[in-house]
Amino acid sequence: MRREGTSRATYRGVCLAIVLSLALFSFAPTVRAGLGVWTMVDLTGMRIESLAADPTDPTILFAGTNGNGIFRSTDGGQTWTGVNNGLANLFVNAITVNPTNPGVILAATGRGAAVGEETAGIYRSTDRGETWTRQSPGFANAFGVDPTNAGIIYAAGAPPVRKTTDGGITWSLSFGGIENTDLTGIAVNAENTSNILAGGVTEGGTGKIFRSTNAGGAWTLVLDGLDPVFDVAFAPPAAPGAVAFFAGLIGVFRSGDAGLTWTRVSEELGDVAVRDILPNPLDAKIVFGATQNEGVIRSTDGGVNWITMNDSLGNRDVFSLTVDRAAPQTLYAGTADGPWAFTFAALPALTLSPTSGPPGTEVRFVGSGFTPGGRVTVAMVQGLGIIVAEVVADPSGGIRGSFVMPSPQLAGELRFGPVDVFAIDRATAQETPPASFILTELAPPVTTLFFAEGATAPPFDTWFLVQNPGPNQATLTFTFQLAGGGTTVRTFTARPTSRFSLLANHILPNQAFSTRIDADQPVLAERAMYVSFDGDDVIGISSPARLWLFAEGATVTPFHTWLLLQNPNAQNATATITYVLEGGGTETQAIELPAGSRTSIFVNQVLPDAAFSTRVESDLPIIVERAMYRFPGNAATVVPGVQSASPTWFFAEGGTLALGRPADTWLLIQNPNDSSVSADITIYDTAGNTSTITQTLAPTSRLGVFLNLFTDLSSFGVRLDASAPVIAERSIFFGTEPKGATTTIGSPELASVWNFAEGSTAPPFTEIISLLNPLDQNMRVTMEFFLEGGETVVRQFTVGPNRKLSVTVNDIVPDVANSARVSTTIPTVVERAMYFVKNGDLGGHDTIGAR
């Protein structure tokens, strides 16, 4: 924990001018801090890297600067004096005051391990900063103090972790299990002081979270592959469940289980770099954050929801925070232009979460500033008013609870629209300012889409791409069903005629999950996943089903095959999986699917060294996808299953080249019938020529057809006509080893409108849309591209009879993310492929459009 607060030396700009003089500096007083407003408290022009308030005397403050050493105030920040006698390094990253002996101060100094300053280290004062002695050499960045024993302190820096048990006099190394990481924050769990959290970054900028369960004796990596991590903190013991936080480049993450699992909680603020996280030591519900250029952020519900508090803050580039223990409390923010102070008004306050919803919504409320132990009434004002809760304030004057929003049909004074909710302190008759709740009419979702697969554990990145082609803004509710049970819900909006992108790693780091998207407008969605140099993409499934069919599957070297099953029901489901082997024969597996969860099956462990198709039957409607990985290189493909066989299948894409590199195109066919089936495969080139081959499928079998054996065309489309219903997929492997791969299901029928929620021409992507016209007449094509800003770009083409057309989207809308709608004058089939080069290897994904 950067107590009392500091920015990360690794990520700040290094000051080029070092103040060499250690003389004392005094500054004249400025205006005193006012209630409910930010006031500058001098040290103008100095970057305040760290702050500390004396826990026994709120008038005594310490400020650590970026090159000017430490300043002390004895009048609540009105005047400051430099206290640098013996402090050989003036870059002060963290300061901590001993709560049981406030004359003892520790300072963490240095400009980073890479700078290699001989003067950097941990300095100690026993006279409230008058003199300093270095107790441990080496860059130090943050302190974590044992809340039950002020003599036990941990220091993060280089070396990663040092520990003292005598209040900072002697230090020992304590970082077993932490390698190649510069630690930027460290914190001790007050409920179990053997539980320590530490966060930091590698030299390459990758954020990591470590955890110790034996007071720093050994460390375990909890999270990897993060954006840079700047600070960690535990909430005070009053927060149930050992609540912890880490702050980083894209915001605040929260854990309710002492750092084992994490969820991003600051999405409403966007991607904001949070340098310092400060739980209020007197109120576990209140947490503050110092941000880069976005000022100070605050949560009043234990870190679940966040808002800014910057209306009067003159400099919003904030590096550090501290808060005193006075009544009322004053919060201090160390900025790029000196410290600022904010004294909280003593009036009680009330916040709601959520702030809108239909009747039946559970509304949680959190309040502060009430009479400790006194009765508090929570009421809604509309007409004569409705009392919704009676609670008793805790010893710190806080309240929390919940109520269910009633229906206007049951409460005659209630109407849809804004509803004011307030709390009354019965002992003082003081009322909180009203908190507004928007009561909305309950309406079923217009669109619901499902995705069985999703992963954010390294090395996976999972994106959701939503296309809103209509004229109205769409509200999108994402429900993530976790592999181990439980759900996480987030709500976003998509502008009219636009495309919305969501990186799930920012919300659910290090998780496996399925997803349900509900929208109040007609939308389309895809999920793209990237792993190693390759990726995969699928369109959303509109409804669960009891039967799912897959033509492809292999566990022979070099393939791994997974089945991902999403049970969206409130009851457990039982699924029966039948593997149809190449050449004939079947194997069967039964599995229980817990309610509201996602289940993964690694088929290589069930059916090793086989090529097969798959049939999944369930007693309840579910969603199923199949993922395949090819080694070396972890090339990835994923497809959703189909729900019925068909005698006809169409594919717009195929070829012996992909972006100029060799490509192998396979057609995978499952015959679910008890008799042999004859299949005619027609190949269409780009000039109107066709060729046909015929294959025979044995009863209940799977057949792989290597189309390169029958054509040398660099680009072609495919039509399959069978004598009985079958299931068909197409796979393409391209490049040299490690080869990239794409797979898609075919379309059993043609259509005149096709939609693609995903698309990008920004580097490193090349986006290609392919159409197959298998009919004997010309076809007019209109392509509409919907950009993230709401703009629409339109192009038109003509495709001759019996041929394939490929359009490179980069030539139409370069360097942008986009969605697309393809409309044609006669029925067709359309696919979109996206290729990208990573570390010299060609990867990609492909999907058929949504109709």
# chains A, B, ... in the order shown; residues from 1 in each chain; ligands from 1

$ residues_around --residues "region 202-218 of chain A" --least-positions-apart "4" --cutoff "6 Å" --atoms "only C-alpha atoms" --output "ChimeraX atom specification"
/A:174,176,180-181,194-198,222-229

$ write_last_selection --atoms "C-alpha atoms" --output "PDB file, in the first residue's frame"
ATOM      1  CA  SER A 174      11.151 -11.454   2.053  1.00  0.00           C
ATOM      2  CA  GLY A 176      10.525 -15.746  -2.359  1.00  0.00           C
ATOM      3  CA  ASN A 180      11.422 -10.074 -12.636  1.00  0.00           C
ATOM      4  CA  THR A 181       8.833  -7.698 -11.178  1.00  0.00           C
ATOM      5  CA  SER A 194      -0.399 -13.307   7.521  1.00  0.00           C
ATOM      6  CA  ASN A 195      -2.219 -12.450   4.295  1.00  0.00           C
ATOM      7  CA  ILE A 196      -0.206  -9.898   2.275  1.00  0.00           C
ATOM      8  CA  LEU A 197      -0.863  -8.560  -1.223  1.00  0.00           C
ATOM      9  CA  ALA A 198       1.710  -7.015  -3.539  1.00  0.00           C
ATOM     10  CA  VAL A 222      -2.475 -14.526  -8.366  1.00  0.00           C
ATOM     11  CA  LEU A 223      -2.924 -12.515 -11.585  1.00  0.00           C
ATOM     12  CA  ASP A 224      -0.667 -12.113 -14.615  1.00  0.00           C
ATOM     13  CA  GLY A 225      -0.967 -10.417 -18.000  1.00  0.00           C
ATOM     14  CA  LEU A 226      -2.491  -7.228 -16.565  1.00  0.00           C
ATOM     15  CA  ASP A 227      -2.028  -3.648 -17.577  1.00  0.00           C
ATOM     16  CA  PRO A 228       0.489  -1.923 -15.258  1.00  0.00           C
ATOM     17  CA  VAL A 229      -0.448  -2.108 -11.544  1.00  0.00           C
TER      18      VAL A 229
END

$ residues_around --residues "region 512-517 of chain A" --least-positions-apart "4" --cutoff "7 Å" --atoms "only C-alpha atoms" --output "ChimeraX atom specification"
/A:448-456,476-483,566,598

$ write_last_selection --atoms "N, CA, C and O atoms" --output "mmCIF file, in the first residue's frame"
data_model
loop_
_atom_site.group_PDB
_atom_site.id
_atom_site.type_symbol
_atom_site.label_atom_id
_atom_site.label_comp_id
_atom_site.auth_asym_id
_atom_site.auth_seq_id
_atom_site.Cartn_x
_atom_site.Cartn_y
_atom_site.Cartn_z
ATOM 1 N N THR A 448 -31.762 -11.211 -27.510
ATOM 2 C CA THR A 448 -30.977 -11.992 -26.563
ATOM 3 C C THR A 448 -30.032 -12.883 -27.358
ATOM 4 O O THR A 448 -30.460 -13.582 -28.284
ATOM 5 N N LEU A 449 -28.745 -12.846 -27.007
ATOM 6 C CA LEU A 449 -27.732 -13.636 -27.703
ATOM 7 C C LEU A 449 -26.870 -14.354 -26.673
ATOM 8 O O LEU A 449 -26.595 -13.818 -25.593
ATOM 9 N N PHE A 450 -26.415 -15.561 -27.029
ATOM 10 C CA PHE A 450 -25.640 -16.398 -26.123
ATOM 11 C C PHE A 450 -24.285 -16.746 -26.738
ATOM 12 O O PHE A 450 -24.166 -16.926 -27.959
ATOM 13 N N PHE A 451 -23.290 -16.894 -25.852
ATOM 14 C CA PHE A 451 -21.961 -17.367 -26.241
ATOM 15 C C PHE A 451 -21.489 -18.351 -25.177
ATOM 16 O O PHE A 451 -21.401 -17.995 -23.995
ATOM 17 N N ALA A 452 -21.200 -19.593 -25.570
ATOM 18 C CA ALA A 452 -20.812 -20.603 -24.597
ATOM 19 C C ALA A 452 -19.366 -20.448 -24.157
ATOM 20 O O ALA A 452 -19.010 -20.799 -23.032
ATOM 21 N N GLU A 453 -18.494 -19.948 -25.027
ATOM 22 C CA GLU A 453 -17.065 -19.868 -24.743
ATOM 23 C C GLU A 453 -16.669 -18.450 -24.343
ATOM 24 O O GLU A 453 -17.294 -17.463 -24.750
ATOM 25 N N GLY A 454 -15.607 -18.343 -23.582
ATOM 26 C CA GLY A 454 -15.032 -17.066 -23.175
ATOM 27 C C GLY A 454 -13.939 -17.335 -22.167
ATOM 28 O O GLY A 454 -14.103 -18.161 -21.264
ATOM 29 N N ALA A 455 -12.795 -16.658 -22.308
ATOM 30 C CA ALA A 455 -11.682 -16.874 -21.378
ATOM 31 C C ALA A 455 -10.806 -15.635 -21.350
ATOM 32 O O ALA A 455 -10.539 -15.020 -22.394
ATOM 33 N N THR A 456 -10.358 -15.267 -20.147
ATOM 34 C CA THR A 456 -9.441 -14.142 -19.991
ATOM 35 C C THR A 456 -8.175 -14.539 -19.264
ATOM 36 O O THR A 456 -7.323 -13.696 -19.004
ATOM 37 N N LEU A 476 -27.286 -2.400 -23.487
ATOM 38 C CA LEU A 476 -26.763 -3.760 -23.563
ATOM 39 C C LEU A 476 -26.460 -4.260 -22.157
ATOM 40 O O LEU A 476 -25.689 -3.640 -21.427
ATOM 41 N N THR A 477 -27.056 -5.370 -21.766
ATOM 42 C CA THR A 477 -26.784 -5.988 -20.474
ATOM 43 C C THR A 477 -26.033 -7.292 -20.702
ATOM 44 O O THR A 477 -26.547 -8.213 -21.338
ATOM 45 N N PHE A 478 -24.794 -7.341 -20.208
ATOM 46 C CA PHE A 478 -23.956 -8.538 -20.315
ATOM 47 C C PHE A 478 -24.049 -9.310 -19.006
ATOM 48 O O PHE A 478 -23.749 -8.770 -17.939
ATOM 49 N N THR A 479 -24.446 -10.573 -19.078
ATOM 50 C CA THR A 479 -24.444 -11.463 -17.924
ATOM 51 C C THR A 479 -23.406 -12.539 -18.171
ATOM 52 O O THR A 479 -23.530 -13.345 -19.096
ATOM 53 N N PHE A 480 -22.344 -12.541 -17.346
ATOM 54 C CA PHE A 480 -21.262 -13.503 -17.491
ATOM 55 C C PHE A 480 -21.486 -14.640 -16.492
ATOM 56 O O PHE A 480 -21.554 -14.398 -15.281
ATOM 57 N N GLN A 481 -21.592 -15.874 -17.000
ATOM 58 C CA GLN A 481 -21.764 -17.053 -16.157
ATOM 59 C C GLN A 481 -20.404 -17.714 -15.997
ATOM 60 O O GLN A 481 -19.826 -18.199 -16.973
ATOM 61 N N LEU A 482 -19.900 -17.755 -14.766
ATOM 62 C CA LEU A 482 -18.536 -18.199 -14.516
ATOM 63 C C LEU A 482 -18.449 -19.715 -14.485
ATOM 64 O O LEU A 482 -19.406 -20.419 -14.149
ATOM 65 N N ALA A 483 -17.256 -20.214 -14.809
ATOM 66 C CA ALA A 483 -17.054 -21.663 -14.882
ATOM 67 C C ALA A 483 -17.270 -22.323 -13.527
ATOM 68 O O ALA A 483 -17.767 -23.440 -13.448
ATOM 69 N N GLN A 566 -22.919 -24.174 -22.179
ATOM 70 C CA GLN A 566 -23.519 -23.138 -21.341
ATOM 71 C C GLN A 566 -24.930 -23.569 -20.959
ATOM 72 O O GLN A 566 -25.775 -23.819 -21.832
ATOM 73 N N ARG A 598 -21.047 -22.497 -16.894
ATOM 74 C CA ARG A 598 -20.369 -22.935 -18.108
ATOM 75 C C ARG A 598 -19.493 -24.135 -17.747
ATOM 76 O O ARG A 598 -18.803 -24.143 -16.723
#

$ atom_distance --atom1 "CA of Gln571 (chain A)" --atom2 "CA of Gly485 (chain A)"
12.7 Å

$ residues_around --residues "Thr690 (chain A)" --least-positions-apart "3" --cutoff "10 Å" --atoms "only C-alpha atoms" --output "ChimeraX atom specification"
/A:682-687,716-718,774,802-803

$ closest_residue --among "A:Asn773, A:Ser806, A:Thr300, A:Asn101" --to "Ser752 (chain A)" --atoms "only C-alpha atoms"
A:Asn773

$ residues_around --residues "Thr56 (chain A)" --least-positions-apart "2" --cutoff "7 Å" --atoms "only C-alpha atoms" --output "list in words"
Asp54, Pro58 and Pro99 of chain A

$ residues_around --residues "region 521-525 of chain A" --least-positions-apart "2" --cutoff "8 Å" --atoms "only C-alpha atoms" --output "ChimeraX atom specification"
/A:445-447,449,464-470,472-475,519,527,539-540,755-758,850

$ atom_distance --atom1 "CA of Ser646 (chain A)" --atom2 "CA of Ile848 (chain A)"
16.5 Å

$ residues_around --residues "Ser356 (chain A)" --least-positions-apart "6" --cutoff "7 Å" --atoms "only C-alpha atoms" --output "list in words"
Phe437, Ile438, Leu439 and Thr440 of chain A

$ closest_residue --among "A:Gly303, A:Gly704, A:Pro458, A:Pro471" --to "Met529 (chain A)" --atoms "only C-alpha atoms"
A:Pro458

$ select_by_dssp --residues "region 663-796 of chain A" --states "strand (DSSP E)" --output "ChimeraX atom specification"
/A:663-671,677-684,690-697,701-706,717-734,740-745,751-756,765-773,779-787,792-796

$ closest_residue --among "A:Gly251, A:Gly86, A:Pro827, A:Gly367" --to "Val799 (chain A)" --atoms "only C-alpha atoms"
A:Pro827

$ closest_residue --among "A:Val41, A:Leu352, A:Ala570, A:Val376" --to "Leu313 (chain A)" --atoms "only C-alpha atoms"
A:Val41

$ atom_distance --atom1 "CA of Gly486 (chain A)" --atom2 "CA of Val304 (chain A)"
17.1 Å

$ residues_around --residues "Ile122 (chain A)" --least-positions-apart "3" --cutoff "10 Å" --atoms "only C-alpha atoms" --output "MDAnalysis selection string"
chainID A and resid 87 89 92 94:95 106:110 119 132:143 155 162 168:169 171
